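Right, one structure below, let's go through it.
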Number of protein chains: 2
Amino acid sequence: MATITVLGAGAMGSALCRPLVDSGWNVRLWGTWLDDHLVDAIEAGEPHPRTHVLVSHDVKTYRSSELGEALNGADVVVMAVASVGVPRVTELALDGISRADALWLTSKGFCPDEDGRIQLLPDAIRTIARAHDVALPPIVAIAGPVKANECAAGVATATIFGCSDLEVARGYARQTRTDSYAIAATDDETGVEVCAPMKNIYAIALGVADGLGEALGSPRHNLKAATFARAVEEMSLFGEKLGAESETAYGLPGVGDLEVTGLSGRNKIYGERIGRGETPSEALAEMTRLEQTVEGIPATDLALRLARQVGVDVALELPLLQAVADVIDPQTPADPETTISRAVLPSLP
Amino acid sequence: MATITVLGAGAMGSALCRPLVDSGWNVRLWGTWLDDHLVDAIEAGEPHPRTHVLVSHDVKTYRSSELGEALNGADVVVMAVASVGVPRVTELALDGISRADALWLTSKGFCPDEDGRIQLLPDAIRTIARAHDVALPPIVAIAGPVKANECAAGVATATIFGCSDLEVARGYARQTRTDSYAIAATDDETGVEVCAPMKNIYAIALGVADGLGEALGSPRHNLKAATFARAVEEMSLFGEKLGAESETAYGLPGVGDLEVTGLSGRNKIYGERIGRGETPSEALAEMTRLEQTVEGIPATDLALRLARQVGVDVALELPLLQAVADVIDPQTPADPETTISRAVLPSLP
C-alpha cells in the first residue's frame, strides 16, 4: 500500500483524503501551524469545520510539529496549503519531497519571487529547490472544477492531473480514480496552473453581471454569457503566452472550473456587490468582516504583472483582465457596467 | 437607407428589430399566420407579449397576408420563425429572398428532409431553393448568447454572424453593430448552426445536475461544471464531424450560448424536474401545461439521427448526448444521476 502525505489540513487537503482513501492509498494529513483547530476537529471525530464533512478514520493526522514523521517514507507528497504558504512549507518539507516519487500540487496562484518576478507555483517550488541544491521528483498539478465539500462527501467530481511527463499523470490518475472521483490527464502543467488563479479573477466579472441585473431589476444574462465566453478566450490566450496549450482552457481546468466558480464562491459574491453598486472598498470591507478571502483581488494585480512580464499588451489582448482591474481599483474604480461591457462585447471585425 | 424584412414576429424576430432600427436599417416585421396576436399588440403600442418590451414605432408591421409587400424591395431578409416553420415560410418567401442581397437566419434547429435525412437549416433552405430552381443570396447564420428580451431592451448583447463568405458576415456586422449589440464574424456557418440546437440538449443535462442537488439537499456543482465542460467538448467534436471548425464551440456560439441557456430557460427547467425525480413524461406534461416548449427534446432525437448519419459512434464519441437521450426516454428512462455522471466523468486515460 503506497503512502501519500497531504500537507495542509484545510478544505481541499482534507477533501482530497476522501478519494485517496477510497482508492487505496495509505493517507497521512499534516496540518500547518494555522490548522490546529482543524486537526482538533478531525481527531475529535467532528465534521471538518470548512467542508462540514467527516474525515475518514483511515486518515492519520499529524500536527505542525510532526512534519518529519508525516513525511517519513511517503511515496507521494501533496502540497495543499494556501498559495501564500507554499514557499515556506516547501522549504520545511523539501527533504521529504525530494525523497518521494512525486509532488502533487493542489495549491494554486501566482507567486512573486524575491526580485518581484511572478512565477506559477510549480516554478516557484523548483526555484526554491534549486536554491537549496535539492532535486525534485516530477510535479503533478491538480486542478479542475472541484468544490472541496462535494469532493469530501464523495459526490461526483471530475478533476485533471497535469504533468510534463504524461505517463506520470496517467499512472497516478489510474491509481487514484474512484467511481465518484474521475481524473483526466494532460502534459500541460502550465495550462492547468494558469487557469486556476485566472478563473478567480474572471469570476469577479461574472459576479458583476449578476449584481448589475439585481441593481437594475432585470437580468444581464447576455452580458454574463458574453463575459464567460471572453474569460475562456483570455485564459486560453494567456496560457499560450506562458507556454501552455490553447486547448487546456477549453476543458475542465478552464471552462469547467470557471463554471463552478461562477455558480457560487467568494470571488463571484464580491463582484456581485460591486455590480449592485458598492465601491470596491465597501465590498472588500464586508467580505473581510465575514472572514471571506477574495483570492481574485491579489490575483488580478499579480496577473497584470505576469502578463506585462511576458510582453502581453493587456489592454489589447486581455481586455477583460484589464476591465476587472479597473473596476476593482480601490482608488478610482471604473464604472462596472460600461467597463465590463466594453471589454466583452467583440469589437468590429 | 437599406431595407430589411424580418420574417416572424415572435420573441427573437421582434427583439432583433431593436438593434436593426438603432443601426439605421429601414425595418419591416412580418408576422406569420400564428403571429396575429403578436402583431395586434405591437400595432396597439403594447409591449410584445413574449419579450414584454415595446417594439419601436419605426418598425413597419405586416400581416401574414401581406408577405409580398413586406418583401418588396427588401435588401436583406431575416428568417426568424420557429424552426418547424422554416421550410413552409422559405417556400412562401422564396421569390423575395432570391431578390435580396442576403438571407439572415436566426431560426435554429435540425431539419429532416423528405427522405428522413437530417440537415442543418441553411442546407434545408438551399435544398428547397434548388427544388424550385431558385438561386439564393449568401446566407448569414446568426447565433450566440442572446436572450430576446434583453436584446429587445437594448441591454448589452454579443452575437456572431457566420457566413461562408467572411467579408459578407463582416460587412453586415459593421453595418448593424450598436453600442449594446456587438457582432463578431466567422466563416464557420456550420459551427454556428450546430451549436444552437445542441446547447438546448445539453442544457437539459445542466438542469438535471441542478435538480439532483435540490432533491438530494446539497448542490451538485462539481457535476454541473463537469457536464458543462463535456458539453462544450461534444459541441466542438460534433461540429468537426459536420465540417465545422473545432474552435467555434469554444466561443460565443458554444460556450457563450450554453452559459446563457443554462442560466434559465425551458430546457434547463425540464432537466431540473427530471433531476428532482419526475419521470420524463411527468416533466413534459407539466411543461406542456405551462405552454413551455422544450426544444431540446425533439433536438435530441434529431441529433442522434444526424450523428449516426455522419458515422459518429454516439455512445463512444458523444456520451453526454447519449446520456440525455437515455435519461429523457419516455418509455424506459435511465437513472439521471448515474447516467449523467458516467457520461461526463472522464474515463481512464
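Naming scheme: A, B, ... for chains in displayed order of the C-alpha cells; residues 1 onward per chain; ligands 1 onward as shown.
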Residues of chain B within 8 Å of chain A, only C-alpha atoms counted, as a PyMOL selection string: chain B and resi 145-147+150+155-158+170+173-174+177+181-185+219-226+228-230+232-233+250-252+255-257+259-260+263+341+344-349
Would you save the residues from that selection as a PDB file, in the first residue's frame, using C-alpha atoms?
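Result file follows (part-v5.pdb):
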```pdb
ATOM      1  CA  PRO B 145     -25.910  34.063 -26.223  1.00  0.00           C
ATOM      2  CA  VAL B 146     -28.928  36.260 -26.965  1.00  0.00           C
ATOM      3  CA  LYS B 147     -31.949  36.236 -24.720  1.00  0.00           C
ATOM      4  CA  GLU B 150     -32.541  41.643 -23.209  1.00  0.00           C
ATOM      5  CA  VAL B 155     -29.173  45.650 -22.986  1.00  0.00           C
ATOM      6  CA  ALA B 156     -25.561  44.619 -23.668  1.00  0.00           C
ATOM      7  CA  THR B 157     -25.594  41.634 -26.018  1.00  0.00           C
ATOM      8  CA  ALA B 158     -22.910  39.871 -28.022  1.00  0.00           C
ATOM      9  CA  ARG B 170     -18.080  41.247 -41.553  1.00  0.00           C
ATOM     10  CA  ALA B 173     -21.616  43.060 -38.674  1.00  0.00           C
ATOM     11  CA  ARG B 174     -20.106  46.512 -39.183  1.00  0.00           C
ATOM     12  CA  ARG B 177     -23.418  46.863 -34.705  1.00  0.00           C
ATOM     13  CA  TYR B 181     -25.363  44.921 -29.735  1.00  0.00           C
ATOM     14  CA  ALA B 182     -21.900  43.718 -30.616  1.00  0.00           C
ATOM     15  CA  ILE B 183     -21.340  41.361 -33.514  1.00  0.00           C
ATOM     16  CA  ALA B 184     -18.433  39.030 -34.126  1.00  0.00           C
ATOM     17  CA  ALA B 185     -17.996  37.420 -37.535  1.00  0.00           C
ATOM     18  CA  PRO B 219     -25.584  21.070  -4.573  1.00  0.00           C
ATOM     19  CA  ARG B 220     -24.049  19.053  -7.371  1.00  0.00           C
ATOM     20  CA  HIS B 221     -21.855  21.898  -8.608  1.00  0.00           C
ATOM     21  CA  ASN B 222     -18.884  19.693  -9.455  1.00  0.00           C
ATOM     22  CA  LEU B 223     -21.149  17.516 -11.587  1.00  0.00           C
ATOM     23  CA  LYS B 224     -22.735  20.532 -13.265  1.00  0.00           C
ATOM     24  CA  ALA B 225     -19.331  22.013 -14.092  1.00  0.00           C
ATOM     25  CA  ALA B 226     -18.046  18.709 -15.458  1.00  0.00           C
ATOM     26  CA  PHE B 228     -20.690  21.968 -18.879  1.00  0.00           C
ATOM     27  CA  ALA B 229     -17.119  21.176 -19.890  1.00  0.00           C
ATOM     28  CA  ARG B 230     -18.160  17.892 -21.501  1.00  0.00           C
ATOM     29  CA  VAL B 232     -18.587  22.140 -24.869  1.00  0.00           C
ATOM     30  CA  GLU B 233     -16.227  19.347 -25.893  1.00  0.00           C
ATOM     31  CA  TYR B 250     -15.288  27.454 -27.637  1.00  0.00           C
ATOM     32  CA  GLY B 251     -16.623  30.947 -28.315  1.00  0.00           C
ATOM     33  CA  LEU B 252     -19.955  32.765 -28.298  1.00  0.00           C
ATOM     34  CA  VAL B 255     -19.578  28.302 -24.511  1.00  0.00           C
ATOM     35  CA  GLY B 256     -21.491  31.582 -24.538  1.00  0.00           C
ATOM     36  CA  ASP B 257     -24.837  30.236 -25.672  1.00  0.00           C
ATOM     37  CA  GLU B 259     -23.957  29.571 -20.433  1.00  0.00           C
ATOM     38  CA  VAL B 260     -27.000  31.741 -21.129  1.00  0.00           C
ATOM     39  CA  LEU B 263     -28.848  30.198 -16.515  1.00  0.00           C
ATOM     40  CA  SER B 341     -22.242  11.176 -14.086  1.00  0.00           C
ATOM     41  CA  VAL B 344     -19.244  13.394 -18.006  1.00  0.00           C
ATOM     42  CA  LEU B 345     -16.647  11.924 -15.669  1.00  0.00           C
ATOM     43  CA  PRO B 346     -13.581  11.383 -17.837  1.00  0.00           C
ATOM     44  CA  SER B 347     -12.753   7.747 -18.339  1.00  0.00           C
ATOM     45  CA  LEU B 348      -9.405   6.236 -17.544  1.00  0.00           C
ATOM     46  CA  PRO B 349      -6.646   7.837 -19.592  1.00  0.00           C
TER      47      PRO B 349
END
```
Spatial neighbours of range 293-304 of chain A, max dist 8 Å, only C-alpha atoms, sep filter under 2 positions, as a list in words: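 Those residues are Gly109, Phe110, Cys111, Pro112, Ile118, Pro197, Met198, Asn200, Ile201, Tyr202, Ala203, Ile204, Arg266, Asn267, Tyr270, Leu284, Met287, Thr288, Glu291, Leu306, Ala307, Arg308, Val314, Leu321, Gln322, Val324, Ala325 and Ile328 of chain A.
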Chain B least-squares fitted onto chain A over all paired C-alpha atoms, as a short mmCIF file (atom, residue, chain, number, x, y, z; two decimals) with C-alpha atoms, in the first residue's frame:
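result.cif was written with the following content:
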```
data_model
loop_
_atom_site.label_atom_id
_atom_site.label_comp_id
_atom_site.auth_asym_id
_atom_site.auth_seq_id
_atom_site.Cartn_x
_atom_site.Cartn_y
_atom_site.Cartn_z
CA MET B 1 -0.01 0.01 -0.02
CA ALA B 2 1.54 3.28 -1.15
CA THR B 3 1.77 6.14 1.34
CA ILE B 4 0.71 9.69 0.50
CA THR B 5 1.19 12.72 2.75
CA VAL B 6 -1.11 15.69 2.29
CA LEU B 7 0.39 18.97 3.50
CA GLY B 8 -2.38 21.30 4.64
CA ALA B 9 -5.49 20.25 6.53
CA GLY B 10 -7.77 22.93 5.09
CA ALA B 11 -10.78 22.38 2.86
CA MET B 12 -9.02 21.01 -0.21
CA GLY B 13 -6.36 19.00 1.61
CA SER B 14 -8.86 17.24 3.81
CA ALA B 15 -11.33 16.78 0.93
CA LEU B 16 -8.72 15.08 -1.21
CA CYS B 17 -8.30 12.47 1.51
CA ARG B 18 -11.67 11.02 0.55
CA PRO B 19 -10.76 9.74 -2.94
CA LEU B 20 -7.25 8.91 -1.70
CA VAL B 21 -8.62 6.60 0.99
CA ASP B 22 -11.24 5.20 -1.37
CA SER B 23 -8.62 4.37 -3.97
CA GLY B 24 -6.45 2.52 -1.50
CA TRP B 25 -3.72 4.95 -0.53
CA ASN B 26 -2.30 4.95 2.97
CA VAL B 27 -3.19 8.58 3.77
CA ARG B 28 -1.48 11.00 6.12
CA LEU B 29 -2.78 14.54 6.68
CA TRP B 30 -0.43 17.15 8.11
CA GLY B 31 -1.81 20.41 9.48
CA THR B 32 0.22 23.62 9.37
CA TRP B 33 0.65 25.87 12.39
CA LEU B 34 -2.59 27.54 11.26
CA ASP B 35 -4.53 24.28 11.12
CA ASP B 36 -4.56 23.19 14.78
CA HIS B 37 -8.28 23.79 15.23
CA LEU B 38 -8.96 21.84 12.04
CA VAL B 39 -6.90 18.87 13.20
CA ASP B 40 -8.59 19.12 16.61
CA ALA B 41 -11.98 18.71 14.95
CA ILE B 42 -10.84 15.81 12.78
CA GLU B 43 -9.30 14.00 15.74
CA ALA B 44 -12.44 14.59 17.79
CA GLY B 45 -14.45 12.85 15.07
CA GLU B 46 -16.28 16.05 14.21
CA PRO B 47 -17.02 17.23 10.68
CA HIS B 48 -14.24 19.28 9.15
CA PRO B 49 -15.02 22.92 10.01
CA ARG B 50 -14.64 24.10 6.40
CA THR B 51 -16.24 21.26 4.40
CA HIS B 52 -18.68 20.15 7.12
CA VAL B 53 -17.88 16.56 6.16
CA LEU B 54 -16.30 13.88 8.36
CA VAL B 55 -12.74 12.88 7.51
CA SER B 56 -12.25 9.11 7.32
CA HIS B 57 -10.78 7.36 10.38
CA ASP B 58 -8.30 5.80 7.98
CA VAL B 59 -6.57 9.17 7.62
CA LYS B 60 -3.71 9.59 10.08
CA THR B 61 -3.35 13.20 11.24
CA TYR B 62 -0.14 15.01 12.13
CA ARG B 63 0.42 18.33 13.92
CA SER B 64 2.66 21.05 12.56
CA SER B 65 5.47 19.88 14.86
CA GLU B 66 5.29 16.39 13.36
CA LEU B 67 6.24 17.21 9.79
CA GLY B 68 9.22 14.84 9.80
CA GLU B 69 7.11 11.87 10.86
CA ALA B 70 4.38 12.80 8.42
CA LEU B 71 6.84 12.79 5.53
CA ASN B 72 8.90 9.79 6.58
CA GLY B 73 8.63 7.15 3.88
CA ALA B 74 5.96 8.98 1.88
CA ASP B 75 5.72 7.82 -1.74
CA VAL B 76 3.88 10.95 -2.76
CA VAL B 77 3.65 14.38 -1.12
CA VAL B 78 0.68 16.66 -1.84
CA MET B 79 1.10 20.41 -1.43
CA ALA B 80 -2.36 21.64 -0.41
CA VAL B 81 -1.71 24.76 1.65
CA ALA B 82 -2.91 28.27 0.76
CA SER B 83 -0.74 29.66 -2.03
CA VAL B 84 0.92 32.25 0.21
CA GLY B 85 2.15 29.41 2.41
CA VAL B 86 3.68 27.37 -0.41
CA PRO B 87 7.23 28.79 -0.29
CA ARG B 88 7.56 28.33 3.48
CA VAL B 89 6.05 24.84 3.56
CA THR B 90 8.15 23.84 0.53
CA GLU B 91 11.30 24.81 2.39
CA LEU B 92 10.24 22.94 5.51
CA ALA B 93 9.24 19.81 3.61
CA LEU B 94 11.95 19.87 0.96
CA ASP B 95 13.82 16.88 2.27
CA GLY B 96 10.72 14.68 2.37
CA ILE B 97 9.56 15.92 -1.02
CA SER B 98 12.92 15.13 -2.60
CA ARG B 99 12.70 11.54 -1.39
CA ALA B 100 9.16 11.01 -2.73
CA ASP B 101 8.30 9.72 -6.19
CA ALA B 102 6.17 12.76 -6.96
CA LEU B 103 4.95 16.07 -5.62
CA TRP B 104 1.29 16.71 -6.26
CA LEU B 105 0.07 20.28 -6.13
CA THR B 106 -3.46 21.45 -5.43
CA SER B 107 -2.35 24.90 -4.22
CA LYS B 108 -2.84 27.45 -6.97
CA GLY B 109 -1.77 31.01 -7.57
CA PHE B 110 0.83 33.42 -8.85
CA CYS B 111 3.93 33.65 -6.71
CA PRO B 112 6.31 36.64 -6.76
CA ASP B 113 9.95 35.70 -6.24
CA GLU B 114 12.46 37.78 -4.29
CA ASP B 115 13.13 39.98 -7.31
CA GLY B 116 9.43 40.62 -7.80
CA ARG B 117 9.12 38.39 -10.85
CA ILE B 118 5.88 36.43 -10.94
CA GLN B 119 6.02 32.66 -11.24
CA LEU B 120 3.46 29.90 -11.39
CA LEU B 121 3.65 27.75 -8.26
CA PRO B 122 5.50 24.75 -9.77
CA ASP B 123 8.25 27.08 -10.97
CA ALA B 124 8.33 28.81 -7.60
CA ILE B 125 8.81 25.41 -5.94
CA ARG B 126 11.54 24.48 -8.45
CA THR B 127 13.32 27.76 -7.76
CA ILE B 128 13.31 27.04 -4.02
CA ALA B 129 14.60 23.52 -4.59
CA ARG B 130 17.40 24.79 -6.83
CA ALA B 131 18.39 27.36 -4.22
CA HIS B 132 18.74 24.51 -1.74
CA ASP B 133 20.48 22.32 -4.31
CA VAL B 134 17.79 19.68 -3.94
CA ALA B 135 16.46 17.55 -6.82
CA LEU B 136 12.69 17.41 -7.08
CA PRO B 137 10.57 14.49 -8.23
CA PRO B 138 8.00 15.11 -11.01
CA ILE B 139 5.33 17.68 -10.12
CA VAL B 140 1.70 16.81 -10.80
CA ALA B 141 -0.55 19.87 -10.97
CA ILE B 142 -4.12 19.11 -9.92
CA ALA B 143 -7.00 21.31 -11.00
CA GLY B 144 -10.49 21.36 -12.42
CA PRO B 145 -13.97 22.11 -11.11
CA VAL B 146 -13.68 20.72 -7.58
CA LYS B 147 -15.63 22.22 -4.73
CA ALA B 148 -13.98 20.73 -1.68
CA ASN B 149 -17.16 19.91 0.23
CA GLU B 150 -18.55 17.86 -2.65
CA CYS B 151 -15.26 16.03 -3.15
CA ALA B 152 -15.09 15.32 0.58
CA ALA B 153 -18.62 13.94 0.51
CA GLY B 154 -17.79 11.56 -2.30
CA VAL B 155 -20.10 13.31 -4.75
CA ALA B 156 -19.39 13.06 -8.49
CA THR B 157 -16.30 15.14 -9.26
CA ALA B 158 -14.06 15.44 -12.30
CA THR B 159 -10.51 16.68 -12.00
CA ILE B 160 -7.35 16.73 -14.09
CA PHE B 161 -3.74 15.82 -13.33
CA GLY B 162 -1.13 17.74 -15.31
CA CYS B 163 2.50 16.63 -15.52
CA SER B 164 5.11 17.35 -18.15
CA ASP B 165 5.63 13.57 -18.17
CA LEU B 166 2.19 12.48 -19.34
CA GLU B 167 2.74 8.88 -18.27
CA VAL B 168 3.28 10.01 -14.69
CA ALA B 169 -0.01 11.93 -14.74
CA ARG B 170 -1.79 8.97 -16.29
CA GLY B 171 -0.33 6.48 -13.85
CA TYR B 172 -1.47 8.41 -10.79
CA ALA B 173 -4.83 9.11 -12.44
CA ARG B 174 -5.40 5.38 -12.90
CA GLN B 175 -4.23 4.62 -9.38
CA THR B 176 -6.39 7.27 -7.68
CA ARG B 177 -9.58 7.25 -9.70
CA THR B 178 -12.78 6.16 -7.97
CA ASP B 179 -16.36 5.84 -9.17
CA SER B 180 -17.10 9.38 -7.98
CA TYR B 181 -13.67 10.99 -8.48
CA ALA B 182 -12.72 10.89 -12.13
CA ILE B 183 -9.32 12.06 -13.28
CA ALA B 184 -8.27 13.22 -16.72
CA ALA B 185 -4.58 13.60 -17.53
CA THR B 186 -2.59 16.14 -19.53
CA ASP B 187 1.03 17.02 -20.10
CA ASP B 188 0.15 20.73 -19.97
CA GLU B 189 1.22 21.67 -16.46
CA THR B 190 1.28 25.37 -17.36
CA GLY B 191 -2.23 25.37 -18.78
CA VAL B 192 -3.60 23.70 -15.68
CA GLU B 193 -1.77 26.12 -13.39
CA VAL B 194 -2.64 29.36 -15.16
CA CYS B 195 -6.38 28.71 -15.43
CA ALA B 196 -6.83 28.23 -11.69
CA PRO B 197 -5.96 31.74 -10.46
CA MET B 198 -7.34 33.39 -13.62
CA LYS B 199 -10.77 31.88 -13.10
CA ASN B 200 -10.96 33.64 -9.71
CA ILE B 201 -10.40 36.95 -11.46
CA TYR B 202 -12.97 36.27 -14.13
CA ALA B 203 -15.49 35.05 -11.56
CA ILE B 204 -15.46 38.61 -10.21
CA ALA B 205 -16.62 39.78 -13.64
CA LEU B 206 -19.37 37.14 -13.72
CA GLY B 207 -20.48 38.38 -10.33
CA VAL B 208 -20.57 41.97 -11.58
CA ALA B 209 -23.02 40.91 -14.31
CA ASP B 210 -25.22 39.23 -11.69
CA GLY B 211 -25.05 42.25 -9.42
CA LEU B 212 -25.93 44.65 -12.23
CA GLY B 213 -28.99 42.55 -12.98
CA GLU B 214 -30.09 42.76 -9.36
CA ALA B 215 -29.45 46.48 -9.12
CA LEU B 216 -31.19 47.26 -12.39
CA GLY B 217 -34.14 44.97 -11.72
CA SER B 218 -33.69 42.82 -14.81
CA PRO B 219 -31.11 40.13 -15.50
CA ARG B 220 -27.97 40.75 -17.50
CA HIS B 221 -27.72 37.18 -18.77
CA ASN B 222 -26.48 38.14 -22.23
CA LEU B 223 -23.69 40.15 -20.64
CA LYS B 224 -22.82 37.35 -18.23
CA ALA B 225 -22.66 34.81 -21.06
CA ALA B 226 -20.51 37.09 -23.20
CA THR B 227 -18.27 37.61 -20.16
CA PHE B 228 -17.97 33.86 -19.68
CA ALA B 229 -17.01 33.30 -23.31
CA ARG B 230 -14.48 36.14 -23.21
CA ALA B 231 -12.98 34.82 -19.98
CA VAL B 232 -12.41 31.40 -21.54
CA GLU B 233 -10.81 33.02 -24.57
CA GLU B 234 -8.46 35.05 -22.37
CA MET B 235 -7.48 32.04 -20.25
CA SER B 236 -6.59 30.24 -23.45
CA LEU B 237 -4.67 33.19 -24.86
CA PHE B 238 -2.80 33.98 -21.65
CA GLY B 239 -1.93 30.31 -21.28
CA GLU B 240 -0.46 30.27 -24.77
CA LYS B 241 1.69 33.29 -23.94
CA LEU B 242 3.05 31.36 -20.97
CA GLY B 243 3.73 28.24 -23.00
CA ALA B 244 0.52 26.32 -22.40
CA GLU B 245 -1.60 24.59 -25.01
CA SER B 246 -4.53 26.75 -26.07
CA GLU B 247 -6.98 23.84 -25.70
CA THR B 248 -6.43 23.34 -21.98
CA ALA B 249 -8.61 26.33 -21.11
CA TYR B 250 -11.46 24.82 -23.14
CA GLY B 251 -11.70 21.80 -20.86
CA LEU B 252 -12.01 21.06 -17.15
CA PRO B 253 -9.28 23.50 -15.93
CA GLY B 254 -10.79 26.49 -17.74
CA VAL B 255 -14.41 26.13 -18.84
CA GLY B 256 -15.18 23.64 -16.08
CA ASP B 257 -13.50 25.48 -13.23
CA LEU B 258 -14.91 28.85 -14.30
CA GLU B 259 -18.39 27.34 -14.36
CA VAL B 260 -18.13 26.00 -10.81
CA THR B 261 -16.54 29.21 -9.54
CA GLY B 262 -19.24 31.31 -11.18
CA LEU B 263 -22.01 29.24 -9.56
CA SER B 264 -21.06 30.41 -6.11
CA GLY B 265 -17.88 31.29 -4.31
CA ARG B 266 -16.37 34.36 -2.77
CA ASN B 267 -14.96 35.95 -5.88
CA LYS B 268 -18.33 35.93 -7.56
CA ILE B 269 -20.03 37.32 -4.46
CA TYR B 270 -17.49 40.13 -4.22
CA GLY B 271 -18.15 40.98 -7.87
CA GLU B 272 -21.90 40.89 -7.26
CA ARG B 273 -21.54 43.48 -4.52
CA ILE B 274 -19.69 45.79 -6.89
CA GLY B 275 -22.30 45.19 -9.59
CA ARG B 276 -25.00 46.14 -7.10
CA GLY B 277 -23.30 49.46 -6.49
CA GLU B 278 -20.88 49.01 -3.59
CA THR B 279 -17.44 50.52 -4.05
CA PRO B 280 -14.57 48.01 -4.19
CA SER B 281 -13.52 49.15 -0.71
CA GLU B 282 -17.00 48.68 0.74
CA ALA B 283 -17.35 45.28 -0.91
CA LEU B 284 -13.95 44.16 0.36
CA ALA B 285 -14.63 45.45 3.88
CA GLU B 286 -17.83 43.43 4.02
CA MET B 287 -16.11 40.29 2.72
CA THR B 288 -13.35 40.78 5.29
CA ARG B 289 -15.91 41.21 8.05
CA LEU B 290 -17.43 37.87 7.00
CA GLU B 291 -13.91 36.33 7.00
CA GLN B 292 -14.20 35.62 3.28
CA THR B 293 -10.90 35.83 1.43
CA VAL B 294 -11.31 37.07 -2.13
CA GLU B 295 -8.41 35.41 -3.94
CA GLY B 296 -9.23 37.16 -7.20
CA ILE B 297 -8.19 40.56 -5.82
CA PRO B 298 -4.47 39.90 -5.28
CA ALA B 299 -4.53 37.55 -8.29
CA THR B 300 -5.61 40.43 -10.53
CA ASP B 301 -2.58 42.50 -9.65
CA LEU B 302 -0.23 39.53 -9.98
CA ALA B 303 -1.78 38.52 -13.31
CA LEU B 304 -1.27 42.03 -14.68
CA ARG B 305 2.36 41.91 -13.63
CA LEU B 306 2.88 38.45 -15.09
CA ALA B 307 1.22 39.47 -18.34
CA ARG B 308 3.48 42.49 -18.72
CA GLN B 309 6.46 40.37 -17.76
CA VAL B 310 5.86 38.13 -20.79
CA GLY B 311 5.18 41.05 -23.10
CA VAL B 312 1.39 40.93 -23.28
CA ASP B 313 -0.39 44.17 -24.21
CA VAL B 314 -3.04 43.72 -21.53
CA ALA B 315 -5.51 46.38 -22.68
CA LEU B 316 -5.48 44.96 -26.19
CA GLU B 317 -5.09 41.21 -25.66
CA LEU B 318 -6.66 40.62 -22.24
CA PRO B 319 -9.25 43.41 -22.07
CA LEU B 320 -11.41 41.57 -19.55
CA LEU B 321 -8.48 41.19 -17.15
CA GLN B 322 -7.82 44.91 -17.52
CA ALA B 323 -11.53 45.66 -17.01
CA VAL B 324 -11.63 43.72 -13.74
CA ALA B 325 -8.49 45.53 -12.58
CA ASP B 326 -10.12 48.87 -13.40
CA VAL B 327 -13.44 48.00 -11.76
CA ILE B 328 -11.87 46.79 -8.49
CA ASP B 329 -9.34 49.62 -8.29
CA PRO B 330 -9.79 50.88 -4.71
CA GLN B 331 -8.70 54.47 -5.50
CA THR B 332 -10.50 55.29 -8.74
CA PRO B 333 -12.82 52.42 -9.58
CA ALA B 334 -14.23 52.39 -13.11
CA ASP B 335 -17.96 52.09 -13.75
CA PRO B 336 -18.70 48.34 -13.67
CA GLU B 337 -21.38 48.18 -16.37
CA THR B 338 -19.66 50.16 -19.10
CA THR B 339 -16.21 48.77 -18.29
CA ILE B 340 -17.13 45.09 -18.35
CA SER B 341 -19.45 45.56 -21.34
CA ARG B 342 -16.80 47.29 -23.39
CA ALA B 343 -14.32 44.53 -22.62
CA VAL B 344 -16.51 41.57 -23.52
CA LEU B 345 -18.50 42.87 -26.47
CA PRO B 346 -16.47 41.89 -29.52
CA SER B 347 -15.03 44.86 -31.34
CA LEU B 348 -15.59 45.54 -34.99
CA PRO B 349 -14.25 42.72 -37.14
#
```
Picked from range 42-279 of chain A by DSSP as alpha helix (DSSP H), as a PyMOL selection string: chain A and resi 42-43+67-71+86-99+121-131+148-152+166-176+189-216+221-241+257-263+266-276
Residue set, range 180-220 of chain B restricted to strand (DSSP E), as a PyMOL selection string: chain B and resi 181-186
